[in-house]
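Pasted below: upload-v3.txt, compact mmCIF, C-alpha atoms.
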# COMPACT_ATOMS: atom_id res chain seq x y z
CA MET A 87 101.61 82.20 11.41
CA LEU A 88 105.33 82.84 11.01
CA ILE A 89 106.03 79.12 11.28
CA LEU A 90 103.44 78.33 8.61
CA ALA A 91 104.80 80.99 6.29
CA LEU A 92 108.35 79.75 6.79
CA ALA A 93 107.23 76.16 6.22
CA ALA A 94 105.54 77.19 2.98
CA LEU A 95 108.61 79.14 1.85
CA THR A 96 110.81 76.14 2.62
CA LEU A 97 108.51 73.90 0.58
CA ILE A 98 108.58 76.36 -2.33
CA ALA A 99 112.36 76.55 -2.22
CA LEU A 100 112.72 72.76 -1.99
CA ASP A 101 110.32 72.13 -4.82
CA SER A 102 111.69 74.88 -7.06
CA PHE A 103 115.37 74.12 -6.75
CA THR A 104 115.58 70.40 -5.89
CA SER A 105 113.73 67.33 -7.07
CA TRP A 106 113.24 65.85 -3.58
CA LEU A 107 109.54 66.64 -3.49
CA ARG A 108 108.84 65.26 -6.99
CA PRO A 109 107.25 62.00 -5.70
CA THR A 110 104.62 63.94 -3.74
CA HIS A 111 103.22 65.31 -6.99
CA GLY A 112 101.80 61.88 -7.74
CA TRP A 113 100.21 61.26 -4.33
CA LEU A 114 97.07 63.27 -4.69
CA GLU A 115 96.78 62.66 -8.41
CA PRO A 116 93.86 60.17 -8.04
CA LEU A 117 92.03 62.77 -5.96
CA ALA A 118 92.43 65.35 -8.70
CA GLN A 119 90.96 63.00 -11.29
CA PRO A 120 87.26 63.79 -10.75
CA PHE A 121 88.02 67.49 -11.06
CA GLN A 122 90.14 66.93 -14.12
CA TRP A 123 87.30 64.97 -15.60
CA ALA A 124 84.90 67.75 -14.71
CA SER A 125 87.08 70.20 -16.54
CA THR A 126 86.44 68.40 -19.82
CA LEU A 127 82.67 68.19 -19.32
CA PRO A 128 81.78 71.06 -21.67
CA MET A 129 83.89 69.45 -24.41
CA ARG A 130 82.32 66.07 -23.82
CA TRP A 131 78.87 67.58 -23.82
CA ARG A 132 79.53 69.29 -27.14
CA GLU A 133 80.88 66.07 -28.61
CA TRP A 134 77.90 64.10 -27.33
CA ASN A 135 75.66 66.74 -28.88
CA ASP A 136 77.44 66.44 -32.21
CA GLU A 137 77.28 62.67 -32.12
CA SER A 138 73.78 61.96 -30.96
CA LEU A 139 71.74 64.84 -32.25
CA GLU A 140 72.90 64.53 -35.81
CA SER A 141 70.42 63.19 -38.30
CA ARG A 142 71.00 59.86 -40.04
CA ALA A 143 71.39 61.48 -43.43
CA VAL A 144 74.11 63.81 -42.17
CA ILE A 145 75.98 60.91 -40.58
CA ILE A 146 75.81 58.89 -43.79
CA ALA A 147 77.00 61.89 -45.79
CA ASN A 148 79.81 62.45 -43.31
CA ASN A 149 80.80 58.82 -43.49
CA ASP A 150 80.95 58.97 -47.28
CA LYS A 151 83.07 62.07 -47.11
CA LEU A 152 85.45 60.46 -44.61
CA GLU A 153 85.75 57.32 -46.70
CA ALA A 154 86.61 59.42 -49.73
CA GLU A 155 89.18 61.28 -47.69
CA ILE A 156 90.74 58.04 -46.46
CA LEU A 157 91.00 56.86 -50.03
CA VAL A 158 92.84 60.04 -51.00
CA TYR A 159 95.19 59.71 -48.02
CA LYS A 160 95.84 56.06 -48.81
CA ALA A 161 96.75 57.00 -52.36
CA GLN A 162 99.08 59.67 -51.05
CA LEU A 163 100.54 57.19 -48.59
CA GLN A 164 101.42 54.81 -51.41
CA ARG A 165 103.41 57.60 -53.00
CA MET A 166 104.93 58.28 -49.57
CA ALA A 167 106.24 54.74 -49.28
CA GLU A 168 108.07 55.11 -52.54
CA LEU A 169 109.33 58.57 -51.68
CA SER A 170 110.56 57.57 -48.25
CA ALA A 171 112.35 54.56 -49.72
CA GLN A 172 113.99 56.84 -52.27
CA ASN A 173 114.86 59.32 -49.57
CA GLN A 174 116.41 56.58 -47.47
CA GLN A 175 118.48 55.39 -50.41
CA LEU A 176 119.71 58.90 -51.13
CA LYS A 177 120.50 59.43 -47.46
CA SER A 178 122.43 56.18 -47.28
CA LEU A 179 124.35 57.30 -50.36
CA LEU A 180 125.23 60.45 -48.47
CA ASN A 181 126.21 58.40 -45.39
CA GLY A 182 123.36 59.99 -43.41
CA ALA A 183 121.55 58.50 -40.50
CA GLU A 184 118.57 56.31 -41.15
CA LEU A 185 115.19 57.92 -41.22
CA VAL A 186 113.44 57.15 -38.00
CA ASN A 187 110.03 55.70 -38.50
CA ASN A 188 108.10 57.09 -35.57
CA ARG A 189 105.58 54.98 -33.74
CA VAL A 190 102.53 56.79 -32.47
CA LEU A 191 99.91 56.16 -29.82
CA VAL A 192 96.50 57.76 -29.81
CA ALA A 193 95.72 59.62 -26.61
CA GLU A 194 92.72 61.55 -25.45
CA LEU A 195 92.67 64.85 -23.65
CA VAL A 196 91.26 64.32 -20.14
CA GLY A 197 92.11 67.53 -18.36
CA ILE A 198 93.20 71.12 -18.75
CA SER A 199 95.19 73.10 -16.22
CA PRO A 200 92.94 75.75 -14.65
CA ASP A 201 95.93 78.03 -14.17
CA PRO A 202 95.85 80.75 -16.86
CA PHE A 203 99.65 81.13 -16.73
CA HIS A 204 100.26 77.44 -17.38
CA HIS A 205 99.47 75.72 -20.65
CA VAL A 206 99.43 72.18 -19.37
CA ILE A 207 96.99 69.44 -20.37
CA THR A 208 96.46 65.91 -19.08
CA ILE A 209 96.18 62.94 -21.43
CA ASN A 210 94.83 59.48 -20.67
CA ARG A 211 98.09 57.56 -21.23
CA GLY A 212 100.70 56.90 -18.60
CA VAL A 213 103.38 54.54 -17.40
CA SER A 214 101.19 51.57 -18.29
CA ASP A 215 101.32 52.64 -21.95
CA ASN A 216 105.12 53.03 -21.90
CA ILE A 217 104.88 56.80 -21.85
CA SER A 218 107.91 58.55 -20.47
CA ALA A 219 108.77 62.18 -19.87
CA GLY A 220 110.12 63.94 -22.93
CA LEU A 221 107.98 62.30 -25.60
CA ALA A 222 106.54 64.65 -28.18
CA VAL A 223 102.78 65.07 -28.57
CA ILE A 224 101.14 66.13 -31.83
CA ASP A 225 97.63 66.59 -33.12
CA GLY A 226 96.43 66.26 -36.70
CA GLU A 227 97.88 69.63 -37.69
CA GLY A 228 101.22 69.88 -35.97
CA LEU A 229 103.33 69.75 -32.86
CA MET A 230 101.41 70.28 -29.60
CA GLY A 231 103.92 69.84 -26.80
CA GLN A 232 105.87 67.35 -24.75
CA VAL A 233 105.18 64.99 -21.87
CA VAL A 234 106.57 66.41 -18.64
CA GLU A 235 105.08 64.31 -15.86
CA VAL A 236 103.98 60.69 -16.06
CA PHE A 237 101.58 58.94 -13.70
CA ASP A 238 100.14 55.42 -13.78
CA ASN A 239 97.35 55.98 -16.26
CA HIS A 240 97.79 59.52 -17.44
CA SER A 241 100.41 62.14 -17.95
CA ARG A 242 100.84 65.89 -18.11
CA VAL A 243 101.79 67.57 -21.35
CA LEU A 244 103.44 70.97 -21.50
CA LEU A 245 102.14 72.78 -24.58
CA ILE A 246 104.41 74.68 -26.94
CA THR A 247 102.49 77.89 -26.20
CA ASP A 248 103.44 77.81 -22.50
CA SER A 249 105.83 80.64 -21.69
CA ARG A 250 108.23 78.11 -20.12
CA HIS A 251 108.56 76.17 -23.36
CA ALA A 252 111.01 76.57 -26.21
CA LEU A 253 112.03 74.33 -29.09
CA PRO A 254 114.42 74.46 -32.05
CA VAL A 255 112.85 74.89 -35.48
CA TYR A 256 113.89 75.53 -39.05
CA ASN A 257 112.32 77.49 -41.84
CA LEU A 258 111.00 75.22 -44.59
CA ARG A 259 111.71 77.82 -47.29
CA ASN A 260 115.41 78.45 -46.63
CA ASN A 261 116.39 76.09 -43.81
CA ALA A 262 117.24 78.97 -41.49
CA ARG A 263 117.32 77.71 -37.92
CA GLY A 264 115.78 79.36 -34.92
CA ILE A 265 114.35 78.89 -31.46
CA ILE A 266 110.63 79.20 -30.97
CA GLU A 267 109.22 80.13 -27.61
CA GLY A 268 105.75 80.03 -26.11
CA SER A 269 104.16 83.35 -25.29
CA GLY A 270 101.50 82.29 -22.81
CA ASP A 271 98.92 82.96 -25.51
CA PHE A 272 97.29 80.00 -27.29
CA GLN A 273 97.36 81.72 -30.68
CA ARG A 274 100.92 83.01 -30.67
CA LEU A 275 104.48 81.75 -30.49
CA ARG A 276 107.62 83.87 -30.64
CA LEU A 277 110.64 83.24 -32.81
CA ARG A 278 113.62 84.43 -30.81
CA HIS A 279 116.82 86.15 -31.80
CA VAL A 280 116.04 86.80 -35.44
CA SER A 281 118.53 89.32 -36.81
CA PRO A 282 117.11 92.14 -38.99
CA THR A 283 119.07 90.89 -41.99
CA GLN A 284 117.73 87.33 -41.84
CA ASP A 285 115.50 86.20 -44.67
CA ILE A 286 112.08 85.63 -43.16
CA GLN A 287 108.64 86.39 -44.53
CA VAL A 288 105.08 86.32 -43.32
CA GLY A 289 103.66 82.92 -44.25
CA ASP A 290 106.88 80.95 -43.83
CA THR A 291 106.33 77.47 -42.42
CA LEU A 292 108.47 76.47 -39.47
CA LEU A 293 109.18 72.79 -38.77
CA SER A 294 110.75 71.17 -35.74
CA SER A 295 114.44 70.65 -36.43
CA GLY A 296 115.10 67.89 -33.93
CA LEU A 297 118.28 69.64 -32.81
CA GLY A 298 117.37 69.70 -29.15
CA GLN A 299 117.29 65.87 -29.19
CA ARG A 300 113.84 66.13 -27.68
CA PHE A 301 111.42 66.57 -30.57
CA PRO A 302 111.47 64.48 -33.73
CA SER A 303 112.36 66.57 -36.76
CA GLY A 304 110.03 67.60 -39.54
CA TYR A 305 106.77 68.20 -37.71
CA PRO A 306 105.03 71.51 -38.48
CA VAL A 307 105.20 73.93 -35.58
CA GLY A 308 103.65 77.07 -37.03
CA THR A 309 103.53 79.74 -39.69
CA VAL A 310 104.97 83.23 -39.40
CA SER A 311 102.06 85.62 -38.87
CA ALA A 312 103.72 88.97 -38.24
CA ILE A 313 107.18 90.50 -38.40
CA ASP A 314 107.77 93.63 -36.38
CA LYS A 315 110.99 95.43 -37.32
CA ASP A 316 111.92 98.04 -34.76
CA PRO A 317 115.12 99.84 -35.79
CA GLY A 318 115.99 100.46 -32.15
CA GLN A 319 116.05 96.78 -31.29
CA ALA A 320 118.84 94.31 -31.91
CA PHE A 321 116.42 91.59 -33.00
CA VAL A 322 113.22 91.42 -35.01
CA GLU A 323 110.01 90.49 -33.20
CA VAL A 324 108.52 87.56 -35.11
CA SER A 325 105.09 86.21 -34.21
CA VAL A 326 104.17 82.69 -35.21
CA THR A 327 100.74 81.09 -35.28
CA PRO A 328 100.93 77.50 -34.02
CA ALA A 329 100.02 74.87 -36.58
CA ALA A 330 98.37 72.61 -34.01
CA LYS A 331 95.00 73.53 -32.59
CA VAL A 332 96.66 73.89 -29.23
CA ASP A 333 93.56 74.87 -27.28
CA ARG A 334 91.01 72.79 -29.16
CA SER A 335 92.33 69.37 -30.15
CA GLN A 336 90.92 66.51 -28.14
CA ARG A 337 92.57 63.51 -29.79
CA LEU A 338 96.32 63.62 -29.75
CA LEU A 339 99.18 61.39 -30.84
CA VAL A 340 102.16 60.61 -28.64
CA ILE A 341 105.23 59.98 -30.76
CA PHE A 342 107.36 57.12 -29.56
CA SER A 343 110.92 56.16 -30.34
CA ALA A 344 112.07 59.61 -31.34
CA VAL A 345 113.92 60.15 -28.09
CA ALA A 346 115.14 56.56 -27.87
CA ALA A 347 116.37 56.66 -31.45
CA LEU A 348 118.13 59.96 -30.95
CA ASP A 349 119.87 58.62 -27.85
CA HIS A 350 121.48 56.01 -30.04
CA TYR A 351 122.17 58.45 -32.83
CA PRO A 352 125.98 58.00 -33.05
CA GLN A 353 125.74 54.21 -33.35
CA SER A 354 122.94 54.17 -35.86
CA GLU A 355 125.31 53.93 -38.81
CA GLN A 356 126.91 50.65 -37.72
CA SER A 357 124.12 48.86 -35.94
CA PRO A 358 120.51 48.56 -37.05
CA ALA A 359 118.14 51.15 -35.64
CA PRO A 360 117.38 50.40 -31.99
CA GLN A 361 113.96 49.03 -31.30
CA SER A 362 111.92 50.95 -28.81
CA PRO A 363 109.54 49.11 -26.48
CA ALA A 364 106.45 48.36 -28.51
CA PRO A 365 103.53 50.42 -27.31
CA PRO A 366 100.25 48.55 -27.01
CA SER A 367 98.39 49.01 -30.21
CA SER A 368 95.53 51.36 -29.93
CA THR A 369 92.84 52.58 -32.21
CA PRO A 370 90.88 55.80 -32.02
CA SER A 371 87.73 53.81 -31.52
CA ASP A 372 88.69 52.57 -28.06
CA ALA A 373 89.70 55.99 -26.84
CA PRO A 374 86.37 57.65 -26.02
CA GLY A 375 84.47 56.67 -22.97
CA GLN A 376 87.50 55.69 -20.93
CA MET B 144 76.89 86.56 8.29
CA PRO B 145 75.72 84.17 11.00
CA ARG B 146 77.28 84.03 14.44
CA GLY B 147 79.41 80.95 14.82
CA ASN B 148 78.42 79.33 18.08
CA SER B 149 77.30 76.09 16.49
CA PRO B 150 79.50 73.01 15.91
CA LEU B 151 81.62 72.96 12.80
CA PRO B 152 79.37 72.43 9.72
CA LEU B 153 81.63 69.79 8.18
CA THR B 154 79.18 68.65 5.50
CA ALA B 155 78.55 72.16 4.28
CA MET B 156 82.28 72.91 4.32
CA GLY B 157 83.16 69.76 2.44
CA LEU B 158 80.47 70.30 -0.17
CA SER B 159 81.39 73.94 -0.69
CA LEU B 160 85.09 73.13 -1.05
CA ILE B 161 84.34 70.39 -3.58
CA ALA B 162 82.12 72.82 -5.48
CA ALA B 163 84.91 75.42 -5.36
CA LEU B 164 87.43 72.94 -6.74
CA PHE B 165 84.95 72.01 -9.45
CA LEU B 166 84.43 75.64 -10.41
CA TYR B 167 88.19 76.14 -10.35
CA SER B 168 88.65 73.22 -12.77
CA LEU B 169 86.06 74.24 -15.34
CA PRO B 170 87.79 75.24 -18.54
CA LEU B 171 87.41 78.83 -19.64
CA HIS B 172 88.26 79.87 -23.13
CA GLY B 173 91.53 81.71 -23.74
CA GLY B 174 91.66 85.12 -22.13
CA LEU B 175 88.58 84.42 -20.04
CA ALA B 176 90.69 82.13 -17.85
CA PHE B 177 92.38 85.21 -16.43
CA TRP B 178 89.05 86.35 -15.02
CA ARG B 179 88.41 83.22 -12.96
CA PRO B 180 88.00 84.18 -9.30
CA PRO B 181 90.04 82.12 -6.82
CA PHE B 182 87.00 80.17 -5.66
CA VAL B 183 88.88 77.99 -3.21
CA LEU B 184 90.37 81.02 -1.45
CA LEU B 185 87.00 82.78 -1.25
CA VAL B 186 85.22 79.72 0.15
CA THR B 187 88.03 79.07 2.62
CA ILE B 188 88.08 82.60 3.99
CA TYR B 189 84.31 82.60 4.24
CA TRP B 190 84.50 79.62 6.60
CA LEU B 191 87.45 81.16 8.41
CA ILE B 192 85.46 84.33 9.16
CA VAL B 193 82.23 82.52 9.97
CA GLN B 194 83.81 79.86 12.22
CA PRO B 195 86.62 81.74 13.99
CA GLN B 196 86.47 79.54 17.10
CA HIS B 197 87.08 76.34 15.12
CA LEU B 198 89.24 77.34 12.20
CA GLY B 199 92.56 79.08 12.07
CA ILE B 200 95.28 79.94 9.65
CA THR B 201 96.47 76.32 9.71
CA PHE B 202 93.22 75.26 8.05
CA VAL B 203 93.79 77.76 5.23
CA TRP B 204 97.40 76.68 4.93
CA LEU B 205 96.39 73.03 4.59
CA ILE B 206 93.77 73.83 1.94
CA GLY B 207 96.41 75.78 0.05
CA LEU B 208 98.78 72.84 0.23
CA LEU B 209 96.03 70.53 -1.00
CA LEU B 210 95.42 72.84 -3.95
CA ASP B 211 99.13 72.84 -4.83
CA LEU B 212 99.33 69.06 -4.65
CA LEU B 213 96.15 68.56 -6.66
CA TYR B 214 97.19 70.72 -9.56
CA GLY B 215 100.91 70.04 -9.68
CA ASN B 216 102.03 73.56 -8.90
CA VAL B 217 105.25 74.18 -7.06
CA ILE B 218 104.35 72.90 -3.59
CA GLY B 219 103.72 75.64 -1.06
CA GLN B 220 102.84 78.50 -3.39
CA ASN B 221 99.15 78.52 -2.61
CA ALA B 222 99.79 77.53 1.00
CA LEU B 223 101.92 80.62 1.49
CA ALA B 224 99.77 83.07 -0.46
CA MET B 225 96.50 81.84 1.04
CA SER B 226 97.71 81.69 4.63
CA VAL B 227 99.32 85.14 4.57
CA THR B 228 96.16 86.60 3.01
CA ALA B 229 94.04 84.83 5.61
CA TYR B 230 96.31 86.11 8.39
CA LEU B 231 95.97 89.71 7.21
CA LEU B 232 92.20 89.24 7.03
CA LYS B 233 92.12 87.62 10.47
CA THR B 234 93.72 90.69 12.06
CA GLN B 235 90.71 92.66 10.79
CA GLN B 236 88.08 90.00 11.38
CA TYR B 237 85.97 91.98 13.86
CA HIS B 238 85.60 94.77 11.32
CA VAL B 239 85.05 92.44 8.39
CA ARG B 240 82.26 90.53 10.12
CA HIS B 241 80.11 93.63 10.44
CA LEU B 242 80.53 95.02 6.96
CA SER B 243 77.49 95.56 4.77
CA LEU B 244 77.34 93.67 1.50
CA PRO B 245 78.80 96.39 -0.78
CA PHE B 246 81.71 96.79 1.60
CA GLN B 247 82.13 93.04 1.78
CA CYS B 248 82.56 93.10 -1.99
CA LEU B 249 85.16 95.82 -1.63
CA ALA B 250 86.91 93.73 1.03
CA ALA B 251 86.88 90.75 -1.34
CA LEU B 252 88.47 92.94 -4.01
CA PHE B 253 91.31 93.92 -1.69
CA ILE B 254 91.77 90.42 -0.29
CA VAL B 255 92.05 88.88 -3.75
CA MET B 256 94.42 91.65 -4.83
CA ILE B 257 96.66 90.84 -1.88
CA TYR B 258 96.40 87.13 -2.66
CA GLN B 259 97.21 87.60 -6.35
CA THR B 260 100.20 89.80 -5.50
CA LEU B 261 101.57 87.20 -3.08
CA TRP B 262 100.82 84.29 -5.36
CA VAL B 263 102.40 85.86 -8.45
CA SER B 264 105.45 86.97 -6.49
CA THR B 265 106.04 83.47 -5.14
CA ARG B 266 105.71 82.17 -8.67
CA LEU B 267 108.22 84.66 -10.02
CA ILE B 268 110.87 82.80 -7.99
CA SER B 269 110.88 79.90 -10.39
CA GLU B 270 108.81 80.95 -13.40
CA ASP B 271 108.75 83.56 -16.08
CA ILE B 272 105.32 85.15 -15.88
CA VAL B 273 104.21 87.96 -18.16
CA LEU B 274 102.99 90.56 -15.69
CA GLY B 275 100.23 93.01 -16.42
CA TRP B 276 96.90 94.22 -15.17
CA ARG B 277 95.44 90.80 -15.90
CA VAL B 278 97.03 89.62 -12.66
CA PHE B 279 94.33 91.62 -10.87
CA TYR B 280 91.37 90.63 -13.04
CA PRO B 281 90.37 87.88 -10.55
CA ALA B 282 90.03 90.56 -7.87
CA LEU B 283 87.39 92.37 -9.91
CA SER B 284 85.50 89.20 -10.77
CA SER B 285 85.66 88.09 -7.12
CA ALA B 286 84.13 91.36 -5.97
CA LEU B 287 81.35 90.93 -8.52
CA ILE B 288 80.64 87.33 -7.63
CA TRP B 289 80.93 87.73 -3.85
CA PRO B 290 77.23 88.47 -3.09
CA LEU B 291 76.20 85.34 -4.97
CA LEU B 292 78.92 83.23 -3.38
CA ALA B 293 78.33 84.46 0.18
CA GLY B 294 74.59 84.05 -0.28
CA SER B 295 74.84 80.46 -1.45
CA LEU B 296 77.37 79.56 1.24
CA TYR B 297 75.03 81.03 3.86
CA LYS B 298 72.13 78.97 2.46
CA LEU B 299 74.30 75.87 2.44
CA GLN B 300 75.31 76.44 6.04
CA ARG B 301 71.65 76.83 7.07
CA LEU B 302 70.73 73.68 5.18
CA PHE B 303 73.17 71.49 7.11
CA SER B 304 72.91 72.93 10.61
Please, can you express the file's structure as structure tokens?
Amino acid sequence: MLILALAALTLIALDSFTSWLRPTHGWLEPLAQPFQWASTLPMRWREWNDESLESRAVIIANNDKLEAEILVYKAQLQRMAELSAQNQQLKSLLNGAELVNNRVLVAELVGISPDPFHHVITINRGVSDNISAGLAVIDGEGLMGQVVEVFDNHSRVLLITDSRHALPVYNLRNNARGIIEGSGDFQRLRLRHVSPTQDIQVGDTLLSSGLGQRFPSGYPVGTVSAIDKDPGQAFVEVSVTPAAKVDRSQRLLVIFSAVAALDHYPQSEQSPAPQSPAPPSSTPSDAPGQ
Amino acid sequence: MPRGNSPLPLTAMGLSLIAALFLYSLPLHGGLAFWRPPFVLLVTIYWLIVQPQHLGITFVWLIGLLLDLLYGNVIGQNALAMSVTAYLLKTQQYHVRHLSLPFQCLAALFIVMIYQTLWVSTRLISEDIVLGWRVFYPALSSALIWPLLAGSLYKLQRLFS
């Protein structure tokens, strides 16, 4: 018994404080797959329900609505092209770095960590899709998290709501910078070290600032939901609601080239922007059923 | 609980462990996830108590290690917590085997409390966990689910022996 306990303690110590046992994490990964898959069954069932039990008329109406939406987005995108060109020109006038045009890859959620203290999900893209640790993951609404472990055909993503996660953000209204931290609760993030005199209001939008050289800048992270000023405390307690549907989104986007581009940040003024390895093109339509 | 003089019911054990892993993987919404009983621990200690001549603490330790490897935890956390819990239970096994069902539930409550305490303390080495009473929620849910679990494991064992 003592030997077993000591062996376990040694393993814990080795795995916590060194990276020697890292490779073993991948060994049993294929074995965990069926269980990971099982963990998404309720979601799949609901989706199947939505897809196959809908009446024809509803589907046609939905399709029309989506087409209209696409048209609106396309129109907005045309404006975007002009705006981003203008922005680039202005930035080059100011001797700024080039705007990085981020490449994205559609990924599907294939597993959720059963551990209530860990907000970790598994996505169906891995080494074979050029995924590497550190890439940012977003959903349609905002920043979701970052890739922390990569396997052959899937990878683990640490969500921004995990209590081990923190990222630099800035306030859209007044550009005040801050660090946002996960709280272990899917609906809440914490803005740390906000002094009582700082200008912050409920409803402020916080965007990723890209200062940590990990996340691309400008993606919505959350909105301030509550400010708790306690005169006895040195800092104000600021609660933030995440913009992304952290516990609900099933289709996610992995953002490429942000990390690679930032690595080359100092040279980007002389040489053209470095090209990241081209991810295989993927469409949302090939994602389900894999 | 049945007397364990029969050979090791490997099929029943395998099936029950797979079912436990499956139940452990099922997603629970938000705060409900804190109420999930440690199914793998419960199933493992059931077999440990029922088959004392075949299974020992090493078996529990190995299952714990498997669990850590499967879910990418820090390796050894579950192995340590599960084996120490199983050891404490094993010292009392002659009492535990003769408990009536309500007392078995109470035993499950205490066992899972011990397990959660050990597990959370090993995790505090490397992680920042927000402590609170929710650490012990699984103990309550385990006590509630134990009659059902023990009953179905007993049926399963009968089915394959």
ask   = Neighbours of A:Asp201 within 9 Å (all atoms listed in the file; same-chain residues fewer than 5 positions away dropped), as a VMD selection string?
value = (chain A and resid 206) or (chain B and resid 167 to 168 176 to 177 214)
ask   = How many Å separate atom CA of B:Val183 from atom CA of A:Gly112?
value =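 We find that atom CA of B:Val183 and atom CA of A:Gly112 lie 21.1 Å from each other.
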Within 10 Å of (99.1, 88.1, -1.7), in the coordinates the file gives, what residues turn up when you count all atoms listed in the file, written out as a JSON list (two decimals) with C-alpha atoms, keeping the file's coordinate frame?
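For reference, result.json as written:
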[["chain", "number", "residue", "atom", "x", "y", "z"],
["B", 221, "ASN", "CA", 99.15, 78.52, -2.61],
["B", 223, "LEU", "CA", 101.92, 80.62, 1.49],
["B", 224, "ALA", "CA", 99.77, 83.07, -0.46],
["B", 225, "MET", "CA", 96.50, 81.84, 1.04],
["B", 226, "SER", "CA", 97.71, 81.69, 4.63],
["B", 227, "VAL", "CA", 99.32, 85.14, 4.57],
["B", 228, "THR", "CA", 96.16, 86.60, 3.01],
["B", 229, "ALA", "CA", 94.04, 84.83, 5.61],
["B", 231, "LEU", "CA", 95.97, 89.71, 7.21],
["B", 253, "PHE", "CA", 91.31, 93.92, -1.69],
["B", 254, "ILE", "CA", 91.77, 90.42, -0.29],
["B", 255, "VAL", "CA", 92.05, 88.88, -3.75],
["B", 256, "MET", "CA", 94.42, 91.65, -4.83],
["B", 257, "ILE", "CA", 96.66, 90.84, -1.88],
["B", 258, "TYR", "CA", 96.40, 87.13, -2.66],
["B", 259, "GLN", "CA", 97.21, 87.60, -6.35],
["B", 260, "THR", "CA", 100.20, 89.80, -5.50],
["B", 261, "LEU", "CA", 101.57, 87.20, -3.08],
["B", 262, "TRP", "CA", 100.82, 84.29, -5.36],
["B", 263, "VAL", "CA", 102.40, 85.86, -8.45],
["B", 264, "SER", "CA", 105.45, 86.97, -6.49],
["B", 265, "THR", "CA", 106.04, 83.47, -5.14]]
query = In file coordinates, which residues lie within 12 Å of (95.3, 66.8, -4.5) using all atoms listed in the file, given as an MDAnalysis selection string?
reply = (chainID A and resid 110:122) or (chainID B and resid 161 164 205:216 218)
For B:Gln247, work out the shell of residues within 12 Å, counting only C-alpha atoms and skipping chain neighbours fewer than 4 positions away, then give it as an mmCIF file with C-alpha atoms, in the frame of the given file.
data_model
loop_
_atom_site.group_PDB
_atom_site.id
_atom_site.type_symbol
_atom_site.label_atom_id
_atom_site.label_comp_id
_atom_site.auth_asym_id
_atom_site.auth_seq_id
_atom_site.Cartn_x
_atom_site.Cartn_y
_atom_site.Cartn_z
ATOM 1 C CA MET B 144 76.890 86.560 8.290
ATOM 2 C CA LEU B 185 87.000 82.780 -1.250
ATOM 3 C CA TYR B 189 84.310 82.600 4.240
ATOM 4 C CA ILE B 192 85.460 84.330 9.160
ATOM 5 C CA LEU B 232 92.200 89.240 7.030
ATOM 6 C CA GLN B 236 88.080 90.000 11.380
ATOM 7 C CA HIS B 238 85.600 94.770 11.320
ATOM 8 C CA VAL B 239 85.050 92.440 8.390
ATOM 9 C CA ARG B 240 82.260 90.530 10.120
ATOM 10 C CA HIS B 241 80.110 93.630 10.440
ATOM 11 C CA LEU B 242 80.530 95.020 6.960
ATOM 12 C CA SER B 243 77.490 95.560 4.770
ATOM 13 C CA ALA B 251 86.880 90.750 -1.340
ATOM 14 C CA LEU B 252 88.470 92.940 -4.010
ATOM 15 C CA PHE B 253 91.310 93.920 -1.690
ATOM 16 C CA ILE B 254 91.770 90.420 -0.290
ATOM 17 C CA SER B 285 85.660 88.090 -7.120
ATOM 18 C CA ALA B 286 84.130 91.360 -5.970
ATOM 19 C CA LEU B 287 81.350 90.930 -8.520
ATOM 20 C CA ILE B 288 80.640 87.330 -7.630
ATOM 21 C CA TRP B 289 80.930 87.730 -3.850
ATOM 22 C CA PRO B 290 77.230 88.470 -3.090
ATOM 23 C CA LEU B 291 76.200 85.340 -4.970
ATOM 24 C CA LEU B 292 78.920 83.230 -3.380
ATOM 25 C CA ALA B 293 78.330 84.460 0.180
ATOM 26 C CA GLY B 294 74.590 84.050 -0.280
#
note = note - atom CA of A:Ile207 and atom CA of A:Val243 are separated by 5.2 Å
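Between atom CA of A:Val307 and atom CA of A:Glu194 the interatomic distance comes to 20.3 Å.
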task = Using all atoms listed in the file, find the one residue out of B:Leu158, B:Pro152, B:Pro195, B:Pro281 that sits nearest to B:Arg301.
result =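 Smallest distance to B:Arg301 is found for B:Pro152.
Nearest to A:Asp225 of all the residues A:Trp131, A:Phe321, A:Phe342, A:Tyr305 is A:Tyr305, counting all atoms listed in the file.
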message = When you look at B:Met156 with a cut-off of 10 Å (counting all atoms listed in the file), what residues show up, excluding the ones that are within fewer than 2 positions of it in the same chain? I need them as a list of chain:residue names.
response =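 Contacts, with the query itself left out: B:Leu151, B:Pro152, B:Leu153, B:Thr154, B:Leu158, B:Ser159, B:Leu160, B:Ile161, B:Ala162, B:Val186, B:Thr187, B:Tyr189, B:Trp190, B:Leu296, B:Leu299, B:Gln300, B:Phe303.
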Same residues, C-alpha atoms, output as an mmCIF file, in the coordinates of the input:
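Output file part_16.cif follows:
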data_model
loop_
_atom_site.group_PDB
_atom_site.id
_atom_site.type_symbol
_atom_site.label_atom_id
_atom_site.label_comp_id
_atom_site.auth_asym_id
_atom_site.auth_seq_id
_atom_site.Cartn_x
_atom_site.Cartn_y
_atom_site.Cartn_z
ATOM 1 C CA LEU B 151 81.620 72.960 12.800
ATOM 2 C CA PRO B 152 79.370 72.430 9.720
ATOM 3 C CA LEU B 153 81.630 69.790 8.180
ATOM 4 C CA THR B 154 79.180 68.650 5.500
ATOM 5 C CA LEU B 158 80.470 70.300 -0.170
ATOM 6 C CA SER B 159 81.390 73.940 -0.690
ATOM 7 C CA LEU B 160 85.090 73.130 -1.050
ATOM 8 C CA ILE B 161 84.340 70.390 -3.580
ATOM 9 C CA ALA B 162 82.120 72.820 -5.480
ATOM 10 C CA VAL B 186 85.220 79.720 0.150
ATOM 11 C CA THR B 187 88.030 79.070 2.620
ATOM 12 C CA TYR B 189 84.310 82.600 4.240
ATOM 13 C CA TRP B 190 84.500 79.620 6.600
ATOM 14 C CA LEU B 296 77.370 79.560 1.240
ATOM 15 C CA LEU B 299 74.300 75.870 2.440
ATOM 16 C CA GLN B 300 75.310 76.440 6.040
ATOM 17 C CA PHE B 303 73.170 71.490 7.110
#
